[in-house]
Amino acid sequence: MQWRARIRGCPKCNASGHWKWLVIGGGVLISFASAVAKVSITEAPTVPTLVNPSFEDPGDGSDRAAGWSRWGDWFNREEGWTPVRSGRCVLGYHHWQISSAKESGVYQDVAGAVKGVSYTFGIFVSVDKAKNPARDVASIELRLESTVDGHQQSVASKLYKVADLPAEDWQTLTVSGVPVNDTLRVLVIVTPSPMDGTRGGALRFDDAFLGLTGGPMPSASPPNRPSETDSSSPFGSAIVKKDIPYVTNPHPRQTFDLYLPKDNIQGPTTLVVWIHGGAWMFTNKDWNNVKYLVKHGYALASIDYRLSKDATFPAQIKDCNAALNFLLANAASYGIDPRHFVVGGASAGGQLALLLGLARNERALGADPSVKPFAILDFFGPTDLTSIIDEVGQGHGREVQEDVVPRLLGGPLIDHMELARQASPLSYVGRENPPVLILHGDKDDLVPYAQSQRLHSQLDQAGVKNQLITVKGAGHDGPMFETPDIQEKVISFLSESAQHGK
């Protein structure tokens with residue numbers, strides 16, 4: 001009997017958390033009536049297999065996932081998809097607006113179900129609870145159905161009210177039921193909250209699973225254990241160490257994941273410190289746009305940090321500096337070079353990476369002026385928090401910035417303008433800055449492309465080596481930021497900067 005289990009090697013999927021397969025038992029049950037009775041061998045029910053359970057494989061259209069069908073009036077806000085738990089999940093991060101009261105969702109008809117056998121279907125969910133509760137999802141329903149006389153008949157349903165779910169932490173939602181025949185459909189149904197005549201909401205979900213009720217199920221928080229990736233992984237062959245704390249008595253988010261190239265034999269390894277995005281509101285160490293650097297001999301530390309719901313700025317950059325200081329202090333035990341490192345990040349992580357690299361003289365932010373990266377990688381990070389709300393324009397992006405910036409600063413922007421300047425990388429541009437590589441999509445609806453243009457211009461004026469790569473047609477993140485051409489440009493920039501810095 002085969003059972004699907006999620007193994008933390010990447011873990012969304014993510015980086016790129018992919019699902020692995022374990023064989024548990026031999027697929028037979030043996031019962032003995034007595035010591036002399038005949039042995040009867042009964043084959044255990046086959047576990048039906050979901051197609052594309054991690055939602056990673058795209059289907060027809062940018063908002064589809066192979067193996068899954070969808071219905072309803074939702075539309076997704078961008079062509080590219082943000083990695084959440086297991087890599088570059090196609091349905092990993094939904095932002096939708098629904099113009100009617102219709103239910104919306106995804107479903108899949110599962111092959112191999114057996115009448116009378118109880119199955120459990122589940123998904124991992126993280127609720128994005130908005131400052132304005134009218135933008136939240138109202139409920140999430142998981143349902144199992146059988147096809148009877150050409151019509152769908154519900155055999156099990158479980159409704160989860162979003163108000164009862166913790167905000168922003170991953171939860172496992174499940175439903176169990178017995179099909180009335182050999183057909184089985186699994187459904188995820190979302191009901192957004194009413195909102196000014198329309199319906200809208202935000203919800204993250206990823207990694208569906210299906211198994212025999214009572215059998216082993218994947219956990220929303222897999223156990224922490226050292227692991228390895230193989231050559232087929234986006235990281236290549238690497239030794240992986242997860243959830244390493246970088247302060248004494250750490251907050252749950254003050255940890256990092258470390259990826260070390262397995263076959264490195266050239267002495268201390270160059271370190272890339274990567275900071276995930278998430279609007280300073282979401283935890284996601286698996287959001288990593290430069291996984292491929294491990295294949296090219298770099299060590300990669302993906303760090304987490306306290307979110308705006310945990311503490312206001314500058315707690316986030318203080319955590320990043322604490323993580324960097326810890327990594328450099330323990331460089332020998334990890335086999336990394338403490339004198340030769342890179343910092344980088346995407347979105348909110350790009351802003352923090354820029355602060356980490358540009359504001360090296362700011363002891364109040366936790367920086368040690370005696371150490372400096374030889375390069376900074378900025379993937380579409382905000383550079384000026386004093387103006388970003390006005391620059392982003394009307395629509396979804398403005399709504400997001402009007403929410404997340406005050407959360408980060410601890411109140412309305414107008415009342416925290418000096419703190420916004422301290423949180424703006426543009427405030428720290430100077431001729432002593434390390435080289436900066438900037439990547440930004442010209443169709444970004446969350447972080448204005450103009451913010452990166454202004455950083456590029458000011459670095460030029462300061463005489464700092466830098467390069468702005470405009471990703472034509474790209475929105476806020478997506479696979480266009482990891483094409484072979486982009487990878488080659490990133491690697492080339494790091495190689496040139498490394499030689500310049502020696």
# chains A, B, ... in the order shown; residues from 1 in each chain; ligands from 1
$ residues_around --residues "A:Ala423" --least-positions-apart "4" --cutoff "10 Å" --atoms "only C-alpha atoms" --output "PyMOL selection string"
chain A and resi 313-314+316-317+351-352+355+365+382-386+408-409+417-419+427-428
$ select_by_dssp --residues "stretch 105-311 of chain A" --states "strand (DSSP E)" --output "PyMOL selection string"
chain A and resi 105-110+119-127+137-148+151-161+171-177+184-195+198-212+227-229+238-245+255-261+269-275+299-303
$ closest_residue --among "A:Ser176, A:Ser154, A:Thr183, A:Ser370" --to "A:Gly211" --atoms "only C-alpha atoms"
A:Ser176
$ residues_around --residues "A:Asp207" --least-positions-apart "6" --cutoff "7 Å" --atoms "only C-alpha atoms" --output "list of chain:residue names"
A:Pro53, A:Ser54, A:Phe55, A:Ile123, A:Phe124
$ write_last_selection --atoms "N, CA and C atoms" --output "mmCIF file, in the first residue's frame"
data_model
loop_
_atom_site.group_PDB
_atom_site.id
_atom_site.type_symbol
_atom_site.label_atom_id
_atom_site.label_comp_id
_atom_site.auth_asym_id
_atom_site.auth_seq_id
_atom_site.Cartn_x
_atom_site.Cartn_y
_atom_site.Cartn_z
ATOM 1 N N PRO A 53 -1.104 17.385 -5.876
ATOM 2 C CA PRO A 53 -1.593 17.777 -4.552
ATOM 3 C C PRO A 53 -0.970 19.069 -4.020
ATOM 4 N N SER A 54 0.216 19.429 -4.504
ATOM 5 C CA SER A 54 0.856 20.654 -4.042
ATOM 6 C C SER A 54 0.479 21.866 -4.872
ATOM 7 N N PHE A 55 -0.354 21.645 -5.918
ATOM 8 C CA PHE A 55 -0.809 22.736 -6.795
ATOM 9 C C PHE A 55 0.348 23.395 -7.553
ATOM 10 N N ILE A 123 -6.415 20.025 3.635
ATOM 11 C CA ILE A 123 -5.538 21.043 3.063
ATOM 12 C C ILE A 123 -4.873 21.792 4.208
ATOM 13 N N PHE A 124 -3.769 22.474 3.884
ATOM 14 C CA PHE A 124 -3.151 23.398 4.822
ATOM 15 C C PHE A 124 -3.639 24.803 4.485
#
$ atom_distance --atom1 "atom CA of A:Leu358" --atom2 "atom CA of A:Ala301"
19.0 Å
$ atom_distance --atom1 "atom CA of A:Leu377" --atom2 "atom CA of A:Gly473"
20.4 Å
$ atom_distance --atom1 "atom CA of A:Pro218" --atom2 "atom CA of A:Ser308"
29.2 Å
